[in-house]
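Take a look at the structure below.
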Amino acid sequence: MSFYPHSGPWRKTQRPRERVQQKETKLTTFQDFKLNDAILRALAEEKYTTPTPIQAQTIPTVMSGRDVIGIAQTGTGKTAAFALPILHQLAANPRQSVRKSCRVLVLSPTRELSGQILDSFRAYGRHLRLRSALAIGGVSMGKQVRSLLNGVDILVATPGRLLDLVVSNALRLNDVEFFVLDEADRMLDMGFIRDILKIVAKLPAQRQTLMFSATMPRAIADLASQMLRNPEHVAVTPVATTVDKVEQRIIRVDGGAKLATLIDVLKQETIDRALIFTRTKHGADKVVRGLVRAGIAAEAIHGNKSQGQRERVLGAFRSGTVRTLVATDIAARGIDVDGISHVVNFDLPNVPETYVHRIGRTARAGAEGIAISLCGGEEVAFLRDIEKLIRISIPLTDRRSNPGKSEAMPADRPTSRPHAHAKDTRRQWRRGNRPKRDHRQQKSGENTGGIDTVAFLKDHTAPRRDHGKRQQHWAGQSKGQ
Ligand code: AMP
């Protein structure tokens with residue numbers, strides 16, 4: 001298993017690129033952290049031997065009582081990074097449960113991720129006598145209200161449902177000792193920030209706060225400065241690291257031939273599990289219908305599916321009964337399934353960072369995988385943005401019926417109005433110019449990856465350009481998916 005240790009404190013006075021000083025983190029064993037024996041036993045049962053870099057950096061800091069702000073994507077082991085030291089502290093300071101209250105509050109943006117976080121707490125804490133509960137939307141509130149009546153140690157929740165429970169007096173937040181905000185940037189994208197501010201206002205000032213985010217746009221940095229006290233900054237898995245572990249391919253197709261190409265790809269490749277991304281929920285259903293017609297068992301997971309359906313589909317994917325799962329970005333976020341051999345982008349995302357998140361699903365916990373992207377004419381500009389971000393020219397196979405026409409002038413006309421910046425980029429190609437690099441990137445010199453790739457690119461380039469569009473995009477999807 002190969003992990004990439006990077007860490008370093010940030011100083012506010014430094015410019016973003018200089019902030020993160022990389023230092024070698026000596027990989028330790030879990031025993032070195034002096035975690036409670038019952039937790040160590042559970043970790044041995046989980047077959048965790050070596051802490052991941054985010055765990056090596058975060059666990060001792062949290063155990064020392066400090067707030068932490070962590071830049072880490074899913075797949076880096078960040079759940080255990082916060083769950084283990086919290087469990088240790090709960091075990092070290094046992095307390096009688098207080099009615100309608102919790103000692104640990106974890107907020108995550110999606111129902112799936114919340115469920116997975118709770119499962120992790122339960123797995124690592126299986127030899128401790130702790131009470132835990134889940135508060136997510138899409139299921140009845142009655143059971144959640146009852147499970148909170150006598151109080152719990154750990155509550156994992158999505159923001160909307162948590163506020164509903166607080167407003168209906170089923171839960172008080174004044175006994176929270178540990179507050180974890182996970183995937184903070186996704187919370188922002190999904191419009192949860194106001195809910196989070198309302199929740200934070202109800203928390204006691206005396207608490208330990210941990211915040212994790214894959215990227216650090218300004219709004220998240222501002223939120224952190226309101227929520228955290230003198231936090232330790234930790235950062236791992238730069239964009240380039242995840243990308244490096246994935247074999248990437250592009251297939252140029254005519255827009256109408258995507259489904260046939262996908263079927264071809266799935267039949268030719270040796271697939272353990274394939275996660276296929278579409279832009280819309282409707283698109284996901286359509287792809288599933290097409291695959292099933294072609295004799296490939298597939299299921300869709302997205303916001304229009306009930307909680308029960310999603311759990312059934314995820315269970316089937318996990319167990320391998322269904323090896324092809326078609327998902328929208330928001331539903332796929334937080335799906336914690338190891339052994340995904342292939343990620344297929346049926347549609348390329350218009351936000352380049354989303355591409356990195358997607359292909360990272362196949363390179364979890366040090367594994368390697370294959371990412372295949374189908375690129376129609378109107379998506380060429382998105383592809384250029386992606387290649388610019390990851391600084392790799394992805395190998396391309398041309399399967400268009402008329403590939404003679406050059407990439408500089410996409411053969412198939414856009415079928416829908418393209419994204420504004422994509423249109424601008426295409427205009428530049430028509431004029432025969434490669435799109436100019438953003439002046440902020442030029443100023444920063446050659447960006448060779450590293451931690452600051454995540455923080456810097458995201459903070460200073462992409463979000464400004466895409467922010468409005470992304471807000472609209474997420475606004476079209478239901479919250480707490
Ligand atoms: P996360 O980033 O928390 O979603 O974790 C990604 C995956 O890595 C999960 O399947 C975890 O079970 C696994 N994992 C986390 N920490 C370790 C570790 N120290 N050793 C092996 N696997 C781990």
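Letters for chains follow the order of the structure tokens (A, B, ...), residue numbers begin at 1 for each chain, and ligand numbers begin at 1 in the order shown.
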
Please identify the residues whose atoms come within 8 Å of ligand 1, using only C-alpha atoms and all ligand atoms, and report them as an MDAnalysis selection string.
-> chainID A and resid 46:52 55 72:81 117 120 334 336:338 364:365

Strand (DSSP E) residues, from DSSP on the backbone, in region 73-172 of chain A, as a PyMOL selection string = chain A and resi 102-107+132-135+152-157

Find the residue from A:Arg252, A:His233, A:Arg310, A:Arg172 that sits nearest to Leu203 (chain A); use only C-alpha atoms when measuring.
-> A:Arg172

Write out as a PyMOL selection string all residues of region 82-197 of chain A that DSSP puts in helix (DSSP H, G or I) for this structure's backbone.
-> chain A and resi 82-92+111-124+141-148+159-167+184-189+193-197

Distance criterion (only C-alpha atoms): nearest to Ala184 (chain A) out of A:Val288, A:Ile71, A:Arg122, A:Val167 = A:Ile71

Coordinates-based distance that separates CA of Ile196 (chain A) from CA of Phe178 (chain A) (Å, one decimal) =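 Computing it gives 15.0 Å between the two atoms.
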
Nearest candidate to Ile392 (chain A) (options A:Asp164, A:Asp244, A:Glu177, A:Asp222; using only C-alpha atoms) =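 When distances to Ile392 (chain A) are compared using only C-alpha atoms, the smallest one comes from A:Asp244.
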
Write out as a ChimeraX atom specification the residues lying within 9 Å of region 291-301 of chain A, counting only C-alpha atoms and excluding same-chain residues fewer than 4 positions away.
-> /A:259,262-263,266-267,281,284-287,305,309-310,313-314,317,321-328,331-332

Can you work out which one of A:Phe30, A:Leu155, A:Glu112, A:Leu130 has the shortest atom-to-atom distance to Arg312 (chain A), counting only C-alpha atoms?
->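 Residue with the minimum atom-to-atom distance to Arg312 (chain A): A:Glu112.
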
If we count only C-alpha atoms, what is near Leu87 (chain A) at a cut-off of 12 Å, once residues fewer than 4 positions away on the same chain are taken out, given as an NGL selection string?
-> :A and (35-40 or 42 or 59 or 62-63 or 79-83 or 91-94 or 103-104 or 120-132 or 153-154 or 177-178)

List the neighbours of Leu228 (chain A) out to 12 Å using only C-alpha atoms; skip same-chain residues closer than 3 positions along the sequence, and give me the result as a ChimeraX atom specification.
-> /A:66-70,178-181,200,205-212,220-225,231-233

Those same residues, written as a tab-separated table (two decimals), in the first residue's frame with N, CA and C atoms?
```tsv
chain	number	residue	atom	x	y	z
A	66	ARG	N	-6.55	19.58	20.58
A	66	ARG	CA	-6.58	20.74	19.67
A	66	ARG	C	-7.63	20.60	18.58
A	67	ASP	N	-8.13	21.74	18.11
A	67	ASP	CA	-8.99	21.75	16.92
A	67	ASP	C	-8.13	21.41	15.71
A	68	VAL	N	-8.77	20.84	14.68
A	68	VAL	CA	-8.03	20.45	13.48
A	68	VAL	C	-8.80	20.88	12.23
A	69	ILE	N	-8.09	21.44	11.27
A	69	ILE	CA	-8.68	21.64	9.96
A	69	ILE	C	-7.87	20.79	8.98
A	70	GLY	N	-8.56	19.87	8.31
A	70	GLY	CA	-7.86	18.91	7.47
A	70	GLY	C	-8.28	19.03	6.02
A	178	PHE	N	-17.57	17.15	21.11
A	178	PHE	CA	-16.79	17.06	19.86
A	178	PHE	C	-17.71	17.36	18.69
A	179	PHE	N	-17.29	18.29	17.86
A	179	PHE	CA	-18.08	18.62	16.67
A	179	PHE	C	-17.21	18.38	15.44
A	180	VAL	N	-17.70	17.53	14.52
A	180	VAL	CA	-16.95	17.25	13.29
A	180	VAL	C	-17.77	17.71	12.09
A	181	LEU	N	-17.18	18.51	11.25
A	181	LEU	CA	-17.83	18.92	10.01
A	181	LEU	C	-17.06	18.25	8.87
A	200	VAL	N	-24.03	25.60	14.50
A	200	VAL	CA	-22.84	26.00	15.27
A	200	VAL	C	-23.24	26.98	16.38
A	205	ALA	N	-19.59	26.80	23.53
A	205	ALA	CA	-18.30	27.38	23.11
A	205	ALA	C	-17.17	26.44	23.49
A	206	GLN	N	-17.34	25.76	24.63
A	206	GLN	CA	-16.31	24.84	25.10
A	206	GLN	C	-16.47	23.49	24.41
A	207	ARG	N	-15.74	23.28	23.34
A	207	ARG	CA	-15.86	22.02	22.58
A	207	ARG	C	-14.60	21.87	21.74
A	208	GLN	N	-14.43	20.67	21.20
A	208	GLN	CA	-13.32	20.46	20.25
A	208	GLN	C	-13.93	20.33	18.86
A	209	THR	N	-13.39	21.06	17.91
A	209	THR	CA	-13.99	21.07	16.57
A	209	THR	C	-12.99	20.57	15.54
A	210	LEU	N	-13.45	19.70	14.65
A	210	LEU	CA	-12.61	19.17	13.58
A	210	LEU	C	-13.33	19.40	12.27
A	211	MET	N	-12.63	19.96	11.31
A	211	MET	CA	-13.29	20.21	10.03
A	211	MET	C	-12.46	19.60	8.91
A	212	PHE	N	-13.12	18.89	7.99
A	212	PHE	CA	-12.42	18.27	6.85
A	212	PHE	C	-13.04	18.74	5.55
A	220	ILE	N	-15.02	28.50	2.77
A	220	ILE	CA	-14.75	27.46	3.77
A	220	ILE	C	-13.68	27.94	4.76
A	221	ALA	N	-12.70	28.64	4.23
A	221	ALA	CA	-11.66	29.19	5.13
A	221	ALA	C	-12.32	30.17	6.11
A	222	ASP	N	-13.28	30.97	5.62
A	222	ASP	CA	-13.98	31.91	6.50
A	222	ASP	C	-14.79	31.16	7.57
A	223	LEU	N	-15.47	30.12	7.11
A	223	LEU	CA	-16.26	29.32	8.06
A	223	LEU	C	-15.35	28.73	9.13
A	224	ALA	N	-14.18	28.26	8.70
A	224	ALA	CA	-13.24	27.66	9.64
A	224	ALA	C	-12.80	28.69	10.67
A	225	SER	N	-12.57	29.93	10.21
A	225	SER	CA	-12.08	30.92	11.18
A	225	SER	C	-13.18	31.27	12.20
A	231	PRO	N	-6.64	26.24	15.22
A	231	PRO	CA	-6.57	24.85	14.74
A	231	PRO	C	-5.20	24.48	14.20
A	232	GLU	N	-4.89	23.22	14.27
A	232	GLU	CA	-3.73	22.64	13.58
A	232	GLU	C	-4.19	22.33	12.15
A	233	HIS	N	-3.37	22.71	11.17
A	233	HIS	CA	-3.72	22.41	9.78
A	233	HIS	C	-3.02	21.15	9.32
```

Atom-to-atom span, CA of Tyr355 (chain A) and CA of Ile386 (chain A), Å =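 Value for the CA of Tyr355 (chain A)-CA of Ile386 (chain A) distance: 7.1 Å.
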
Nearby residues (only C-alpha atoms) at most 8 Å from Ala135 (chain A), same-chain spacing under 3 positions excluded, as a PyMOL selection string = chain A and resi 144+155-158+161-162

Using only C-alpha atoms, which of the listed residues (A:Lys198, A:His282, A:Lys258, A:Lys143) sits closest to Pro159 (chain A)?
->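 Using only C-alpha atoms, Pro159 (chain A) sits closest to A:Lys198.
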
Using only C-alpha atoms, find the one residue out of A:Gly151, A:Gly160, A:Gly191, A:Gly142 that sits nearest to Asp175 (chain A).
->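 Answer, going by the shortest atom-to-atom distance: A:Gly151.
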